[in-house]
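What follows is a single structure, written as structure tokens, with notes after it.
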Amino acid sequence: MSKNLVIVESPAKAKTIEGYLGKDFTVKSSFGHVRDLASKGLAIDIENDFKPDYEVSADKKAVVAELKKLAKAAEVVWLATDEDREGEAISWHLYETLGVEKKVTKRITFNEITKTAITNAIDHPREINKPLVDAQQARRILDRLVGFELSPVLWKKVRPSLSAGRVQSVAVRLIVEREKEIMHFKPESFFRIAGQFLKGKEGIKAEVSKHFGTDTEVEEFLKQCVGVQFAVLDVQKKPAKKTPAAPFTTSTLQQEASLKLGYSVSRTMQVAQRLYEAGRITYMRTDSVNLSETAMRGAEAEIKSAYGNQYSNPTKYATKSANAQEAHEAIRPTDFALHSLTDAESDETRLYDLIWKRSIASQMSHAELERTTIAIGNDKIKEVFQAKGEVIKFDGFLKVYLETSLDEEEDAETAGLLPAVEVGEKLDMQFIRATERFSRAAPRYVEASLVKKLEELGIGRPSTYAPTISTIQKRGYVEKKERDGEERSYQILELKGTSIEKSSKTEITGREKNKLFPTDIGMVVTDFLVDHFAHILDYHFTADVEEQFDEIARGKMNWTEMLKSFYGAFHHSVEDSLEHSDRATGERELGMHPVSNKKVIARIGRFGPMIQIGDEKEDGEKPQFASLTGSHSIHTITLDEALELFKLPRVVGEIDGEVVKANVGRF
């Protein structure tokens with residue numbers, strides 16, 4: 001039996017570490033948390049300073065028994081779980097559960113699984129950081145309190161088996177509010193005007209920066225351009241710089257992997273976890289953009305040898321988050337000399353590639369550009385056409401990596417190289433074209449843009465983004481959908497020579513892919529919670545609670561005091577809403593039935609969204625019901641679409657004396 005028992009969370013991590021430590025060490029995995037709040041009841045003694053009642057999870061009893069036996073036989077027990085709050089809490093729970101003595105227990109952390117990092121950690125053990133554990137306990141207990149007390153309100157006031165979560169409900173609120181903005185948005189049309197001009201045989205595309213409101217204004221402008229001799233009014237060449245982005249934090253990695261690789265947030269985290277456990281990258285849950293001195297030296301050496309000295313520009317990035325307790329290091333490769341993986345699955349290879357490029361680019365020189373703007377016009381017309389071009393003089397970090405933008409705005413085009421022209425030089429107008437465009441509502445969130453928004457608002461932390469986004473989808477409050485767009489026509493007015501031609505074309509608009517849509521139940525629950533628990537769903541309040549967890553982690557706030565200050569007002573609003581609020585059904589009247597003249601209503605029923613014809617209180621008769629099909633929502637369905645649902649059940653025919661009916665049912 002070896003003298004040292006090292007306990008980590010995952011078997012993959014255990015295997016990597018065992019390779020570095022030698023025969024005196026046995027490395028075992030706890031397979032994550034070994035105990036949690038008891039599953040029956042609240043498991044929190046509110047009267048007694050919120051004392052938690054923890055129990056070993058049923059599926060971990062065998063693991064705990066084995067670890068106890070090994071711990072008893074070992075001379076030293078090393079708790080080597082992850083370096084964040086969650087990891088600290090797992091170590092503390094292990095220490096409490098295994099019943100090992102304090103003097104033989106050592107806590108070690110490392111942010112990468114390499115031989116150097118592991119041996120360095122063994123040389124510098126510490127004690128369990130209790131403030132970090134308390135911050136994690138406070139989060140767990142607060143979330144249990146909110147879920148335990150809010151969920152029964154939803155069962156009673158909306159429908160059975162619903163659940164509410166502190167951060168999840170706020171994330172759903174963001175999606176619901178965006179959906180309502182989109183529902184109320186009325187697109188307005190405007191015209192963009194671009195011209196194609198010639199210098200000899202070389203073309204120059206230039207745009208008017210002003211947008212025109214109507215086709216009448218456009219026609220007026222095009223008439224002014226007939227027979228006009230266009231010339232170069234101004235040429236400006238300005239040097240410009242593009243700077244590389246900082247190395248990845250958890251949230252920027254999730255965003256970029258979504259945009260560049262199409263990965264969902266949870267897939268990114270699973271793949272990053274595998275890379276971390278295999279010793280390829282540093283710890284993947286971080287809000288720091290800091291790189292260690294060793295990492296910066298490693299990157300510098302690699303850049304100089306792979307690209308040349310002029311490409312190297314060692315840069316220290318400062319983390320915005322004041323949460324220094326967890327601000328260890330950004331996500332980066334453990335070995336910069338390893339440009340890509342040859343022995344891994346394609347998911348891992350692609351994500352590693354992204355992390356390597358982003359990290360190495362952050363330590364490279366700025367790209368040097370020359371931006372050219374040519375103004376084209378004539379004294380007779382007020383508007384000026386502008387052509388923009390960009391030339392890369394020195395590629396710098398662009399040799400390796402370019403960040404992708406989440407914004408969906410159509411930007412004015414920047415051409416590559418523009419022909420050399422001089423002020424006063426005359427140009428031939430080939431054509432001037434005005435194209436109708438439409439204003440757009442703010443886009444629906446994708447997982448990555450939701451993470452960005454949560455981070456901007458200060459809601460959640462690196463370890464919570466992925467579980468939050470998975471939970472709101474699992475609970476049926478939000479769904480990821482694809483939607484075919486709709487066809488719409490737009491006008492084009494074109495001046496060629498002296499004649500103005502009008503034509504119209506069609507385009508597909510509103511096509512959606514992997515966008516987050518709130519479900520009917522998600523909208524009804526959110527409206528109910530906002531009405532009765534405004535402070536719980538308040539963005540500032542939620543961010544403030546996160547700040548308080550950070551204060552606890554820094555040892556500057558007592559965790560039970562924090563819970564007390566939260567719980568009083570919260571518990572009062574739960575009791576108040578149980579007593580005074582009405583049932584929430586999201587009811588919406590669609591109109592009257594053309595034959596029976598009864599009300600047609602869309603609402604949430606016991607088994608989900610539905611349409612009903614008639615109101616028992618008014619008619620004294622039992623209403624007719626029909627469930628909504630997948631593509632409809634109680635918030636947008638029309639009277640005609642609703643009436644279609646009542647054409648079922650339909651008798652199809654008979655077989656062997658039995659009637660065969662077609663219907664859409666609950667299952």
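Following the order of the structure tokens, chains are lettered A, B, ..., residues in each are numbered from 1, and ligands are numbered from 1.
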Point to revise | Picked from stretch 466-635 of chain A by DSSP as helix (DSSP H, G or I), as JSON, numbers by chain | key: {"A": [466, 467, 468, 469, 470, 471, 472, 473, 474, 520, 521, 522, 523, 524, 525, 526, 527, 528, 529, 530, 531, 532, 539, 540, 541, 542, 543, 544, 545, 546, 547, 548, 549, 550, 551, 552, 553, 559, 560, 561, 562, 563, 564, 565, 566, 567, 568, 569, 570, 571, 572, 573, 574, 575, 576, 577, 578, 579, 580, 616, 617, 618, 619]}
Review point. Could you pull the residues within 7 Å of A:Ile17, counting only C-alpha atoms, minus those fewer than 4 positions along the same chain, as number ranges by chain?
Key: A: 13, 21, 113
Exercise for review: Using DSSP on the backbone coordinates, identify the residues of stretch 209-238 of chain A assigned to strand (DSSP E or B); present them as an NGL selection string.
Suggested key: :A and (212 or 230-238)
Deliver the residues from the most recent selection as a file, using N, CA and C atoms, as an mmCIF file, in the first residue's frame.
data_model
loop_
_atom_site.group_PDB
_atom_site.id
_atom_site.type_symbol
_atom_site.label_atom_id
_atom_site.label_comp_id
_atom_site.auth_asym_id
_atom_site.auth_seq_id
_atom_site.Cartn_x
_atom_site.Cartn_y
_atom_site.Cartn_z
ATOM 1 N N PHE A 212 -31.641 56.817 -47.448
ATOM 2 C CA PHE A 212 -32.815 57.541 -47.942
ATOM 3 C C PHE A 212 -34.080 56.823 -47.487
ATOM 4 N N PHE A 230 -18.513 62.893 -62.550
ATOM 5 C CA PHE A 230 -18.005 62.624 -61.195
ATOM 6 C C PHE A 230 -16.485 62.736 -61.180
ATOM 7 N N ALA A 231 -15.973 63.162 -60.041
ATOM 8 C CA ALA A 231 -14.517 63.302 -59.905
ATOM 9 C C ALA A 231 -14.112 62.955 -58.479
ATOM 10 N N VAL A 232 -12.815 62.758 -58.299
ATOM 11 C CA VAL A 232 -12.283 62.457 -56.961
ATOM 12 C C VAL A 232 -12.189 63.772 -56.184
ATOM 13 N N LEU A 233 -12.904 63.857 -55.055
ATOM 14 C CA LEU A 233 -12.906 65.089 -54.251
ATOM 15 C C LEU A 233 -11.806 65.066 -53.192
ATOM 16 N N ASP A 234 -11.480 63.858 -52.721
ATOM 17 C CA ASP A 234 -10.511 63.776 -51.622
ATOM 18 C C ASP A 234 -9.965 62.347 -51.544
ATOM 19 N N VAL A 235 -8.708 62.229 -51.199
ATOM 20 C CA VAL A 235 -8.116 60.903 -50.960
ATOM 21 C C VAL A 235 -7.406 60.958 -49.615
ATOM 22 N N GLN A 236 -7.764 60.054 -48.729
ATOM 23 C CA GLN A 236 -7.090 60.026 -47.421
ATOM 24 C C GLN A 236 -6.488 58.662 -47.177
ATOM 25 N N LYS A 237 -5.214 58.661 -46.836
ATOM 26 C CA LYS A 237 -4.557 57.399 -46.471
ATOM 27 C C LYS A 237 -4.121 57.525 -45.028
ATOM 28 N N LYS A 238 -4.584 56.589 -44.211
ATOM 29 C CA LYS A 238 -4.222 56.668 -42.789
ATOM 30 C C LYS A 238 -3.665 55.333 -42.342
#
**Study point:** Selection: 8 Å around A:Ser340, only C-alpha atoms, excl. self and same-chain fewer than 5 positions, as a PyMOL selection string
**Key:** chain A and resi 349+352-353+356
**Study point:** Of the listed residues A:Ala43, A:Ala80, A:Ala642, A:Val651, that which approaches A:Ser29 most closely, counting only C-alpha atoms
**Key:** A:Ala80
**Study point:** A:Gly389 surroundings by only C-alpha atoms, 10 Å radius, close-in-sequence under 4 positions cut, as a ChimeraX atom specification
**Key:** /A:204-205,237,370-374,413-419
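Among the candidates A:Thr464, A:Val451, A:Glu507, A:Thr560, the residue lying nearest to A:Asn48 is A:Thr560 (atoms considered: only C-alpha atoms).
Nearest-residue note for A:Ser264: choosing from A:Thr97, A:Ser470, A:Ser151, A:Ser209, the minimum distance belongs to A:Ser470, counting only C-alpha atoms.
Every protein or nucleic acid residue with an atom no more than 9 Å from stretch 265-269 of chain A, counting only C-alpha atoms and leaving out same-chain residues fewer than 5 positions away, appears here: Thr250, Leu253, Gln254, Gln255, Ala257, Ser258, Arg274, Met284, Arg285, Asp347, Leu351, Glu447, Ala448, Val451, Tyr465, Ala466, Pro467, Ile469 and Ser470 of chain A.
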